[in-house]
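What follows is target_30.cif (mmCIF, C-alpha atoms and all ligand atoms).
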```
data_start
loop_
_atom_site.label_atom_id
_atom_site.label_comp_id
_atom_site.auth_asym_id
_atom_site.auth_seq_id
_atom_site.Cartn_x
_atom_site.Cartn_y
_atom_site.Cartn_z
CA VAL A 822 25.69 -10.25 99.53
CA ASN A 823 27.80 -11.51 96.69
CA VAL A 824 26.35 -9.72 93.68
CA VAL A 825 28.38 -11.76 91.19
CA GLN A 826 27.12 -15.05 92.63
CA ALA A 827 23.56 -13.77 92.70
CA ALA A 828 23.81 -12.74 89.04
CA LEU A 829 25.21 -16.17 88.18
CA ASP A 830 22.25 -17.73 90.00
CA GLY A 831 19.91 -15.86 87.69
CA ASP A 832 19.04 -12.86 89.85
CA ARG A 833 18.14 -10.19 87.27
CA ARG A 834 18.44 -7.29 89.68
CA ALA A 835 21.94 -8.37 90.67
CA LEU A 836 22.78 -8.65 86.97
CA ALA A 837 21.48 -5.14 86.31
CA ARG A 838 23.69 -3.85 89.14
CA LEU A 839 26.76 -5.58 87.73
CA LEU A 840 26.07 -4.04 84.34
CA SER A 841 25.78 -0.57 85.85
CA TRP A 842 29.11 -1.01 87.63
CA ALA A 843 30.69 -2.08 84.36
CA GLU A 844 29.17 0.87 82.51
CA ASP A 845 30.51 3.26 85.14
CA GLY A 846 33.96 1.72 84.89
CA SER A 847 34.04 1.43 88.69
CA ASP A 848 36.50 -0.71 90.67
CA ALA A 849 33.62 -3.00 91.63
CA GLY A 850 32.93 -3.46 87.94
CA ARG A 851 36.58 -4.26 87.21
CA GLU A 852 36.61 -6.85 90.02
CA ALA A 853 33.38 -8.45 88.83
CA LEU A 854 34.73 -8.60 85.28
CA ALA A 855 37.94 -10.25 86.43
CA THR A 856 35.93 -12.88 88.31
CA LEU A 857 33.49 -13.48 85.47
CA PHE A 858 35.84 -13.33 82.49
CA PRO A 859 36.86 -17.03 82.56
CA ARG A 860 33.19 -17.98 82.16
CA SER A 861 32.75 -15.85 79.02
CA GLY A 862 33.51 -16.83 75.44
CA GLN A 863 30.49 -19.08 74.92
CA ALA A 864 27.89 -16.63 73.62
CA HIS A 865 27.23 -15.84 69.99
CA ILE A 866 27.46 -12.05 69.84
CA VAL A 867 25.54 -10.45 66.98
CA GLY A 868 25.92 -6.75 66.17
CA ILE A 869 22.95 -5.08 64.47
CA THR A 870 24.09 -1.83 62.94
CA GLY A 871 22.94 0.73 60.38
CA SER A 872 21.63 4.25 60.05
CA THR A 873 19.07 5.69 62.44
CA GLY A 874 15.59 4.98 61.15
CA ALA A 875 16.56 1.91 59.11
CA GLY A 876 14.42 -0.19 61.44
CA LYS A 877 17.06 -1.81 63.65
CA SER A 878 15.02 -1.68 66.86
CA THR A 879 11.90 -2.99 65.12
CA LEU A 880 13.92 -5.78 63.57
CA VAL A 881 15.74 -6.68 66.82
CA ASN A 882 12.39 -6.90 68.57
CA ARG A 883 11.06 -9.28 65.90
CA LEU A 884 14.28 -11.25 65.84
CA ALA A 885 14.19 -11.65 69.62
CA ALA A 886 10.61 -12.90 69.41
CA GLU A 887 11.62 -15.32 66.63
CA PHE A 888 14.49 -16.75 68.69
CA ARG A 889 12.18 -17.04 71.72
CA GLN A 890 9.81 -19.12 69.60
CA ARG A 891 12.76 -21.42 68.98
CA ASP A 892 13.28 -21.67 72.76
CA GLN A 893 16.51 -19.74 72.51
CA THR A 894 17.39 -17.65 75.57
CA LEU A 895 18.94 -14.32 74.64
CA ALA A 896 19.98 -10.86 75.74
CA VAL A 897 19.52 -7.61 73.84
CA VAL A 898 21.86 -4.65 74.33
CA ALA A 899 20.64 -1.38 72.83
CA VAL A 900 23.14 1.44 72.61
CA ASP A 901 20.80 4.40 72.51
CA PRO A 902 21.57 7.79 71.06
CA THR A 903 21.50 10.66 73.55
CA SER A 904 21.09 13.49 71.05
CA PRO A 905 18.34 15.95 72.01
CA TYR A 906 16.29 14.67 69.08
CA SER A 907 16.19 11.12 70.28
CA GLY A 908 13.61 11.36 73.08
CA GLY A 909 10.75 10.22 70.89
CA ALA A 910 12.73 7.52 69.18
CA LEU A 911 13.88 6.14 72.53
CA LEU A 912 10.34 5.95 73.80
CA GLY A 913 9.37 4.29 70.53
CA ASP A 914 12.14 1.73 70.93
CA ARG A 915 10.99 0.88 74.44
CA LEU A 916 7.37 0.55 73.37
CA ARG A 917 8.28 -1.86 70.62
CA MET A 918 10.27 -3.93 73.08
CA ARG A 919 7.35 -4.08 75.48
CA ASN A 920 5.94 -7.45 74.52
CA LEU A 921 9.28 -9.01 75.42
CA VAL A 922 9.91 -7.44 78.80
CA THR A 923 7.69 -9.85 80.72
CA ASP A 924 9.46 -12.85 79.17
CA GLU A 925 12.05 -14.46 81.49
CA GLY A 926 13.98 -15.83 78.52
CA VAL A 927 15.06 -12.45 77.24
CA PHE A 928 17.02 -9.76 79.04
CA ILE A 929 17.05 -6.24 77.61
CA ARG A 930 19.63 -3.63 78.52
CA SER A 931 19.64 -0.07 77.21
CA MET A 932 22.94 1.78 77.44
CA ALA A 933 23.54 5.48 77.31
CA SER A 934 25.94 6.37 74.51
CA ARG A 935 27.77 8.89 76.73
CA GLY A 936 29.34 8.98 80.14
CA HIS A 937 31.61 5.95 79.87
CA PRO A 938 35.14 6.65 81.12
CA GLY A 939 36.78 4.22 78.71
CA GLY A 940 34.50 5.00 75.79
CA ILE A 941 31.28 3.44 74.58
CA ALA A 942 32.97 0.58 72.74
CA HIS A 943 34.73 -0.49 75.91
CA ALA A 944 31.59 -0.23 78.04
CA THR A 945 29.63 -2.22 75.47
CA ARG A 946 32.28 -4.92 75.46
CA ASP A 947 32.21 -5.16 79.27
CA VAL A 948 28.41 -5.36 79.35
CA VAL A 949 28.47 -8.08 76.69
CA THR A 950 31.19 -10.02 78.55
CA ILE A 951 29.07 -10.06 81.71
CA LEU A 952 25.93 -11.19 79.85
CA ASP A 953 28.01 -13.89 78.16
CA ALA A 954 29.53 -15.03 81.48
CA VAL A 955 26.21 -15.33 83.30
CA GLY A 956 25.05 -17.67 80.56
CA PHE A 957 23.13 -15.91 77.79
CA PRO A 958 23.99 -18.01 74.71
CA LEU A 959 22.95 -15.33 72.22
CA ILE A 960 23.45 -11.57 72.56
CA LEU A 961 22.05 -9.06 70.06
CA VAL A 962 23.75 -5.66 70.19
CA GLU A 963 21.99 -2.78 68.45
CA THR A 964 24.35 0.11 67.74
CA VAL A 965 23.59 3.50 66.26
CA GLY A 966 24.88 3.98 62.78
CA ALA A 967 27.37 6.69 63.58
CA GLY A 968 30.62 6.10 61.71
CA GLN A 969 33.09 4.90 64.29
CA ALA A 970 30.50 3.07 66.40
CA GLN A 971 29.63 0.95 63.40
CA VAL A 972 33.22 -0.05 62.85
CA GLU A 973 33.78 -0.71 66.55
CA VAL A 974 30.88 -3.15 66.72
CA ALA A 975 33.05 -5.49 64.67
CA ARG A 976 35.42 -5.63 67.63
CA VAL A 977 32.69 -6.93 69.89
CA ALA A 978 30.58 -9.09 67.60
CA HIS A 979 31.12 -12.41 65.87
CA THR A 980 28.43 -11.61 63.34
CA VAL A 981 27.73 -8.11 62.03
CA VAL A 982 24.30 -7.50 60.51
CA LEU A 983 24.13 -4.26 58.50
CA VAL A 984 20.58 -2.94 58.22
CA GLU A 985 19.76 -0.70 55.28
CA ALA A 986 16.47 0.82 54.21
CA PRO A 987 15.41 1.99 50.76
CA GLY A 988 15.99 5.66 50.14
CA MET A 989 18.38 6.03 53.07
CA GLY A 990 21.10 3.61 52.04
CA ASP A 991 21.39 5.28 48.65
CA ASP A 992 24.50 6.84 50.02
CA ILE A 993 26.35 3.97 48.43
CA GLN A 994 29.68 5.79 48.51
CA ALA A 995 29.68 5.61 52.30
CA LEU A 996 29.14 1.89 52.07
CA LYS A 997 32.08 1.60 49.73
CA ALA A 998 34.17 3.45 52.27
CA GLY A 999 34.12 0.47 54.55
CA LEU A 1000 30.76 -0.39 56.05
CA MET A 1001 30.37 -3.18 53.56
CA GLU A 1002 33.65 -4.61 54.76
CA ILE A 1003 32.48 -5.10 58.31
CA ALA A 1004 29.15 -6.71 57.37
CA ASP A 1005 28.64 -10.47 57.49
CA ILE A 1006 24.97 -10.20 56.62
CA ILE A 1007 23.25 -7.32 54.85
CA VAL A 1008 19.55 -6.71 55.39
CA VAL A 1009 17.41 -4.40 53.30
CA ASN A 1010 14.56 -3.65 55.69
CA LYS A 1011 11.26 -1.97 54.70
CA ALA A 1012 11.02 -4.41 51.81
CA ASP A 1013 7.32 -3.52 51.74
CA ARG A 1014 8.40 -0.37 49.89
CA PRO A 1015 8.71 -0.58 46.10
CA GLU A 1016 12.15 1.15 46.12
CA ALA A 1017 13.58 -1.79 48.08
CA ARG A 1018 14.40 -3.74 44.91
CA GLN A 1019 16.58 -0.92 43.64
CA THR A 1020 18.45 -0.74 46.95
CA VAL A 1021 19.07 -4.49 46.80
CA ARG A 1022 20.46 -4.16 43.26
CA ALA A 1023 22.70 -1.26 44.25
CA LEU A 1024 24.04 -3.23 47.23
CA GLN A 1025 24.64 -6.27 45.04
CA SER A 1026 26.79 -4.24 42.69
CA VAL A 1027 28.77 -2.77 45.61
CA ARG A 1028 29.27 -6.28 46.98
CA ARG A 1029 30.68 -7.44 43.64
CA SER A 1030 33.17 -4.59 43.59
CA THR A 1031 34.41 -4.88 47.20
CA GLN A 1032 36.19 -7.40 49.38
CA PRO A 1033 36.37 -11.10 48.58
CA ALA A 1034 33.86 -13.24 50.43
CA GLY A 1035 34.76 -14.21 53.97
CA HIS A 1036 36.41 -10.95 54.83
CA HIS A 1037 35.45 -9.96 58.32
CA GLY A 1038 36.28 -6.79 60.18
CA ALA A 1039 38.40 -3.83 59.29
CA GLN A 1040 41.29 -5.37 61.22
CA ALA A 1041 41.28 -8.66 59.34
CA THR A 1042 44.55 -9.27 57.57
CA ALA A 1043 45.83 -11.78 55.08
CA SER A 1044 47.09 -13.99 57.91
CA THR A 1045 43.71 -14.19 59.62
CA ALA A 1046 41.51 -14.32 56.51
CA PRO A 1047 39.63 -17.62 56.36
CA THR A 1048 40.14 -20.07 53.57
CA THR A 1049 36.51 -21.15 53.73
CA ASP A 1050 34.16 -18.75 51.98
CA TRP A 1051 31.20 -16.89 53.33
CA GLU A 1052 29.44 -14.89 50.69
CA VAL A 1053 27.78 -11.94 52.41
CA PRO A 1054 24.06 -12.55 51.84
CA ILE A 1055 21.72 -9.67 51.04
CA LEU A 1056 18.37 -10.40 52.67
CA GLN A 1057 15.11 -8.51 52.61
CA THR A 1058 12.87 -7.97 55.62
CA ALA A 1059 9.72 -6.03 56.39
CA ALA A 1060 10.11 -5.83 60.15
CA LEU A 1061 6.78 -4.10 60.74
CA ASP A 1062 4.96 -6.93 58.95
CA ASN A 1063 7.29 -9.57 60.43
CA GLN A 1064 8.40 -10.66 56.95
CA GLY A 1065 11.77 -12.29 56.32
CA VAL A 1066 12.60 -12.54 60.02
CA PRO A 1067 12.83 -16.37 60.26
CA GLU A 1068 15.22 -16.32 57.25
CA LEU A 1069 17.39 -13.73 58.99
CA ALA A 1070 17.44 -15.84 62.16
CA ASP A 1071 18.45 -18.88 60.08
CA THR A 1072 21.25 -16.89 58.41
CA ILE A 1073 22.58 -15.71 61.77
CA VAL A 1074 22.67 -19.31 63.00
CA ALA A 1075 24.33 -20.38 59.73
CA HIS A 1076 27.01 -17.71 60.14
CA ARG A 1077 27.89 -19.01 63.58
CA ARG A 1078 28.18 -22.51 62.14
CA TYR A 1079 30.44 -21.14 59.38
CA LEU A 1080 32.64 -19.38 61.96
CA GLU A 1081 33.10 -22.60 63.90
CA GLU A 1082 33.67 -24.83 60.91
CA SER A 1083 36.20 -22.45 59.37
CA HIS A 1084 37.93 -21.99 62.78
CA ARG A 1085 37.25 -18.31 62.36
CA TRP A 1086 35.55 -18.42 65.79
CA GLU A 1087 38.85 -18.96 67.62
CA ALA A 1088 40.64 -16.50 65.35
CA LEU A 1089 38.08 -13.81 66.16
CA HIS A 1090 38.44 -14.45 69.88
CA ARG A 1091 42.19 -14.08 69.48
CA GLU A 1092 41.79 -10.81 67.57
CA HIS A 1093 39.40 -9.51 70.23
CA ALA A 1094 41.76 -10.55 73.03
CA ARG A 1095 44.66 -8.78 71.36
CA ALA A 1096 42.65 -5.61 70.75
CA GLU A 1097 41.50 -5.59 74.37
CA ILE A 1098 45.00 -6.10 75.77
CA GLU A 1099 46.34 -3.30 73.57
CA ASN A 1100 43.49 -1.06 74.65
CA TRP A 1101 44.29 -1.68 78.33
CA LEU A 1102 48.03 -1.31 77.74
CA GLN A 1103 47.38 2.11 76.28
CA ARG A 1104 45.22 3.11 79.22
CA HIS A 1105 47.69 1.75 81.81
CA LEU A 1106 50.62 3.43 80.07
CA LEU A 1107 48.86 6.77 80.03
CA THR A 1108 47.96 6.45 83.72
CA ARG A 1109 51.58 5.54 84.54
CA LEU A 1110 52.83 8.46 82.54
CA GLU A 1111 50.57 10.81 84.44
CA THR A 1112 51.68 9.49 87.85
CA HIS A 1113 55.41 9.16 87.13
CA ILE A 1114 55.98 12.14 84.86
CA GLY A 1115 53.14 14.37 85.94
CA GLU A 1116 50.61 16.39 84.03
CA ASP A 1117 52.92 19.45 84.04
CA ARG A 1118 55.67 17.69 82.10
CA ILE A 1119 53.11 16.34 79.62
CA GLN A 1120 51.63 19.82 79.17
CA ALA A 1121 55.13 21.22 78.61
CA TRP A 1122 55.59 18.79 75.71
CA VAL A 1123 52.15 19.64 74.36
CA ASP A 1124 53.29 23.28 74.27
CA THR A 1125 56.55 22.35 72.56
CA VAL A 1126 54.74 20.34 69.88
CA GLN A 1127 52.16 23.09 69.46
CA ARG A 1128 55.03 25.53 68.79
CA ARG A 1129 56.28 22.98 66.24
CA GLU A 1130 59.64 22.79 68.00
CA CYS A 1131 59.33 19.03 68.23
CA ASP A 1132 57.21 16.46 66.40
CA PRO A 1133 54.60 14.43 68.34
CA ALA A 1134 56.28 11.05 67.81
CA SER A 1135 59.61 12.28 69.20
CA ALA A 1136 57.87 13.97 72.13
CA ALA A 1137 56.09 10.71 72.98
CA GLU A 1138 59.37 8.82 72.80
CA ILE A 1139 61.13 11.28 75.11
CA LEU A 1140 58.26 11.10 77.63
CA LEU A 1141 58.31 7.32 77.55
CA GLN A 1142 62.08 7.30 78.09
CA GLU A 1143 61.74 9.74 81.00
CA MET A 1144 59.12 7.48 82.55
CA LEU A 1145 61.30 4.38 82.21
CA ASN A 1146 64.27 6.25 83.73
CA THR A 1147 62.16 7.41 86.68
CA GLN A 1148 60.98 3.87 87.27
CA GLN A 1149 64.55 2.52 87.13
CA ARG A 1150 65.71 5.06 89.69
CA ASN A 1151 62.79 4.26 91.96
CA GLY A 1152 63.00 0.50 91.47
N1 LIG A 1201 7.46 0.68 56.09
C1 LIG A 1201 8.21 0.12 57.03
N2 LIG A 1201 8.56 0.84 58.12
C2 LIG A 1201 9.34 0.25 59.05
C3 LIG A 1201 9.77 -1.09 58.94
N3 LIG A 1201 10.53 -1.38 60.02
C4 LIG A 1201 10.57 -0.28 60.78
N4 LIG A 1201 9.84 0.72 60.22
C5 LIG A 1201 9.62 2.08 60.73
O1 LIG A 1201 10.83 2.82 60.61
C6 LIG A 1201 10.97 3.73 61.71
C7 LIG A 1201 12.32 3.55 62.40
O2 LIG A 1201 12.32 2.29 63.03
P1 LIG A 1201 13.35 1.93 64.20
O3 LIG A 1201 13.19 0.48 64.49
O4 LIG A 1201 13.18 2.86 65.35
O5 LIG A 1201 14.73 2.22 63.48
P2 LIG A 1201 16.22 2.32 64.11
O6 LIG A 1201 16.49 3.77 64.33
O7 LIG A 1201 17.11 1.76 63.06
O8 LIG A 1201 16.24 1.52 65.38
C8 LIG A 1201 9.78 3.48 62.61
O9 LIG A 1201 8.80 4.44 62.35
C9 LIG A 1201 9.33 2.09 62.22
O10 LIG A 1201 7.96 1.89 62.47
C10 LIG A 1201 9.36 -1.83 57.79
O11 LIG A 1201 9.69 -3.01 57.60
N5 LIG A 1201 8.60 -1.17 56.87
MG MG A 1202 16.90 1.94 67.35
#
```

Can the structure in the file be given as structure tokens, please?
Ligand SMILES: Nc1nc2c(ncn2[C@@H]2O[C@H](COP(=O)(O)OP(=O)(O)O)[C@@H](O)[C@H]2O)c(=O)[nH]1
Ligand SMILES: [Mg+2]
Amino acid sequence: VNVVQAALDGDRRALARLLSWAEDGSDAGREALATLFPRSGQAHIVGITGSTGAGKSTLVNRLAAEFRQRDQTLAVVAVDPTSPYSGGALLGDRLRMRNLVTDEGVFIRSMASRGHPGGIAHATRDVVTILDAVGFPLILVETVGAGQAQVEVARVAHTVVLVEAPGMGDDIQALKAGLMEIADIIVVNKADRPEARQTVRALQSVRRSTQPAGHHGAQATASTAPTTDWEVPILQTAALDNQGVPELADTIVAHRRYLEESHRWEALHREHARAEIENWLQRHLLTRLETHIGEDRIQAWVDTVQRRECDPASAAEILLQEMLNTQQRNG
């Protein structure tokens, strides 16, 4: 059976198998990705990020239901934490998703945050590419608010929604350190709580003191910065009471329109393509180095650098040169 074709024909079990292959980084997964890649690039990929407990899962569930009401087909990717404390939270997440699992118009995939050979960011990207290629026009990716993961979501998503909650997001310094920079939309959830207003005010003052509007992603540079402005909106939701969710859905749709009209959409795809190629180059180079030079030679240089007899950059250069010489002799 051709699993790729079956997945393209809408077979959900075939799709689940493809996603597992991709997560495992298997050869079958690589092949499937190569076949499917030309079909990707259509979906609007929305990252939902923020600290644990901010209400991301609750909000994603409501948001998915809201988009379903609008007859929008979508996929949800949840990158779950695997810390020993997360058992209850995971179960909670699944329970809240329950009313959506019988709906054919939404596909939900939970990913483990460990056990991916190329790293979680890479596995997430592959899973999203497959969902995009088989035709989901909207993909919501919930990522745990753990430093690097939050920044990496910007490399997968077109639209980054940062979810804050009163009392938790009072760590405004951390926001200043860069989270604000990757957000396209900021949501203060748990707006049913009286402290929410204060959190909104604090975020507004951080917004005034940070990047100019339209800045997207830590890797955005002057050359790729859009000329058209997008002022990062600060919205309020009460996910439990389903308040503010239609407005958030509207803002997500508006951001996509902004990306297209400002030609930021193509620019983002270019940035993502470049980052992916560089990522693979690094991996291929390291594999080559291991086969042509051998682990022993690499270890020898690790020892040398550890003894401070050579600096790491020079060691890398020597290894690279040795590899090129070996290849020249063999070729
Ligand atoms: N008061 C209040 N609690 C909420 C709201 N949204 C979510 N919660 C609660 O916050 C907790 C964490 O929610 P969850 O969606 O698992 O957060 P996540 O870790 O960011 O995915 C749960 O107990 C939710 O019931 C809200 O709008 N108001
Ligand atoms: Mg969650």

Give the residue list for ligand LIG 1201 (chain A) at 7 Å, counting only C-alpha atoms and all ligand atoms, as a PDB file with C-alpha atoms, in the frame of the given file, sorted by chain and then by residue number.
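Result file pocket.pdb:
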```pdb
ATOM      1  CA  GLY A 871      22.940   0.730  60.380  1.00  0.00           C
ATOM      2  CA  SER A 872      21.630   4.250  60.050  1.00  0.00           C
ATOM      3  CA  THR A 873      19.070   5.690  62.440  1.00  0.00           C
ATOM      4  CA  GLY A 874      15.590   4.980  61.150  1.00  0.00           C
ATOM      5  CA  ALA A 875      16.560   1.910  59.110  1.00  0.00           C
ATOM      6  CA  GLY A 876      14.420  -0.190  61.440  1.00  0.00           C
ATOM      7  CA  LYS A 877      17.060  -1.810  63.650  1.00  0.00           C
ATOM      8  CA  SER A 878      15.020  -1.680  66.860  1.00  0.00           C
ATOM      9  CA  THR A 879      11.900  -2.990  65.120  1.00  0.00           C
ATOM     10  CA  LEU A 880      13.920  -5.780  63.570  1.00  0.00           C
ATOM     11  CA  ALA A 910      12.730   7.520  69.180  1.00  0.00           C
ATOM     12  CA  GLY A 913       9.370   4.290  70.530  1.00  0.00           C
ATOM     13  CA  ASP A 914      12.140   1.730  70.930  1.00  0.00           C
ATOM     14  CA  ASN A1010      14.560  -3.650  55.690  1.00  0.00           C
ATOM     15  CA  LYS A1011      11.260  -1.970  54.700  1.00  0.00           C
ATOM     16  CA  ALA A1012      11.020  -4.410  51.810  1.00  0.00           C
ATOM     17  CA  ASP A1013       7.320  -3.520  51.740  1.00  0.00           C
ATOM     18  CA  ARG A1014       8.400  -0.370  49.890  1.00  0.00           C
ATOM     19  CA  THR A1058      12.870  -7.970  55.620  1.00  0.00           C
ATOM     20  CA  ALA A1059       9.720  -6.030  56.390  1.00  0.00           C
ATOM     21  CA  ALA A1060      10.110  -5.830  60.150  1.00  0.00           C
ATOM     22  CA  LEU A1061       6.780  -4.100  60.740  1.00  0.00           C
ATOM     23  CA  ASP A1062       4.960  -6.930  58.950  1.00  0.00           C
TER      24      ASP A1062
END
```

Nearest residue to A:Gly940 from the set A:Val955, A:Ala843, A:Ala1136, A:Ile1006 (distances using only C-alpha atoms): A:Ala843

6 Å contact set for stretch 853-868 of chain A, all atoms listed in the file, chain neighbours under 4 positions out, as a PyMOL selection string: chain A and resi 953-954+958-962+978-982

Computed interatomic separation between atom CA of A:Arg1095 and atom CA of A:Ile1139 (Å):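 Value for the atom CA of A:Arg1095-atom CA of A:Ile1139 distance: 26.2 Å.
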
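Taking atom CA of A:Val900 and atom CA of A:Ser931 as endpoints, the distance between them is 6.0 Å.
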
Selection near A:Ile929, 7 Å with all atoms listed in the file, sequence-local residues under 3 positions removed, as a PDB file with C-alpha atoms, in the coordinates of the input:
```
ATOM      1  CA  ALA A 896      19.980 -10.860  75.740  1.00  0.00           C
ATOM      2  CA  VAL A 897      19.520  -7.610  73.840  1.00  0.00           C
ATOM      3  CA  VAL A 898      21.860  -4.650  74.330  1.00  0.00           C
TER       4      VAL A 898
END
```

Residue contacts of stretch 1064-1071 of chain A (7 Å, all atoms listed in the file) excluding same-chain residues fewer than 6 positions away, as a ChimeraX atom specification: /A:883-884,887,1057-1058

Long-range neighbours of A:Asn1146 as a count of residues only, 12 Å cut-off, only C-alpha atoms, 6 positions minimum in chain: 6

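The interatomic distance for the pair atom CA of A:Ala933 and atom CA of A:Ala899 works out to 8.7 Å.
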
Among listed residues A:Asn1151, A:Ser847, A:Thr1108, A:Thr964, nearest ligand MG 1202 (chain A) (using all atoms listed in the file):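 Answer, going by the shortest atom-to-atom distance: A:Thr964.
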
Near-A:Ala1137 list (12 Å; only C-alpha atoms; drop same-chain fewer than 4 positions) as a ChimeraX atom specification: /A:1106-1107,1110,1114,1118-1123,1125-1126,1131-1133,1141-1144

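Using all atoms listed in the file, the set of residues no farther than 8 Å from the position (18.4, 1.8, 47.9) comprises Glu985, Ala986, Pro987, Gly988, Met989, Gly990, Asp991, Glu1016, Ala1017, Arg1018, Gln1019, Thr1020, Val1021, Arg1022, Ala1023 and Leu1024 of chain A.
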
Residue with smallest distance to A:Phe888 - pool A:Thr945, A:Gln826, A:Gly926, A:Ala1004, counting all atoms listed in the file: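 The shortest atom-to-atom distance to A:Phe888 comes from A:Gly926.
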
Incomplete stretch 883-896 of chain A filled out to N, CA, C and O atoms as a tab-separated table (two decimals), in the coordinates of the input:
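File produced: rebuild-v9.tsv:
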```
chain	number	residue	atom	x	y	z
A	883	ARG	N	11.62	-8.13	66.63
A	883	ARG	CA	11.06	-9.28	65.90
A	883	ARG	C	11.98	-10.49	65.96
A	883	ARG	O	11.55	-11.63	66.11
A	884	LEU	N	13.26	-10.19	65.83
A	884	LEU	CA	14.28	-11.25	65.84
A	884	LEU	C	14.29	-11.92	67.21
A	884	LEU	O	14.37	-13.16	67.32
A	885	ALA	N	14.21	-11.11	68.26
A	885	ALA	CA	14.19	-11.65	69.62
A	885	ALA	C	12.97	-12.55	69.79
A	885	ALA	O	13.08	-13.66	70.34
A	886	ALA	N	11.84	-12.10	69.30
A	886	ALA	CA	10.61	-12.90	69.41
A	886	ALA	C	10.77	-14.21	68.63
A	886	ALA	O	10.36	-15.28	69.10
A	887	GLU	N	11.39	-14.13	67.45
A	887	GLU	CA	11.62	-15.32	66.63
A	887	GLU	C	12.51	-16.34	67.37
A	887	GLU	O	12.21	-17.52	67.43
A	888	PHE	N	13.60	-15.84	67.96
A	888	PHE	CA	14.49	-16.75	68.69
A	888	PHE	C	13.78	-17.32	69.93
A	888	PHE	O	14.02	-18.46	70.30
A	889	ARG	N	12.93	-16.54	70.56
A	889	ARG	CA	12.18	-17.04	71.72
A	889	ARG	C	11.27	-18.18	71.31
A	889	ARG	O	11.09	-19.15	72.04
A	890	GLN	N	10.67	-18.04	70.10
A	890	GLN	CA	9.81	-19.12	69.60
A	890	GLN	C	10.60	-20.40	69.41
A	890	GLN	O	10.05	-21.49	69.48
A	891	ARG	N	11.89	-20.25	69.16
A	891	ARG	CA	12.76	-21.42	68.98
A	891	ARG	C	13.33	-21.88	70.32
A	891	ARG	O	14.30	-22.64	70.33
A	892	ASP	N	12.82	-21.33	71.42
A	892	ASP	CA	13.28	-21.67	72.76
A	892	ASP	C	14.71	-21.26	73.04
A	892	ASP	O	15.39	-21.85	73.87
A	893	GLN	N	15.16	-20.26	72.32
A	893	GLN	CA	16.51	-19.74	72.51
A	893	GLN	C	16.45	-18.61	73.55
A	893	GLN	O	15.68	-17.68	73.39
A	894	THR	N	17.27	-18.74	74.59
A	894	THR	CA	17.39	-17.65	75.57
A	894	THR	C	18.34	-16.61	75.00
A	894	THR	O	19.32	-16.97	74.36
A	895	LEU	N	18.05	-15.33	75.20
A	895	LEU	CA	18.94	-14.32	74.64
A	895	LEU	C	18.91	-13.01	75.42
A	895	LEU	O	18.02	-12.77	76.23
A	896	ALA	N	19.92	-12.20	75.17
A	896	ALA	CA	19.98	-10.86	75.74
A	896	ALA	C	20.05	-9.86	74.60
A	896	ALA	O	20.58	-10.16	73.53
```
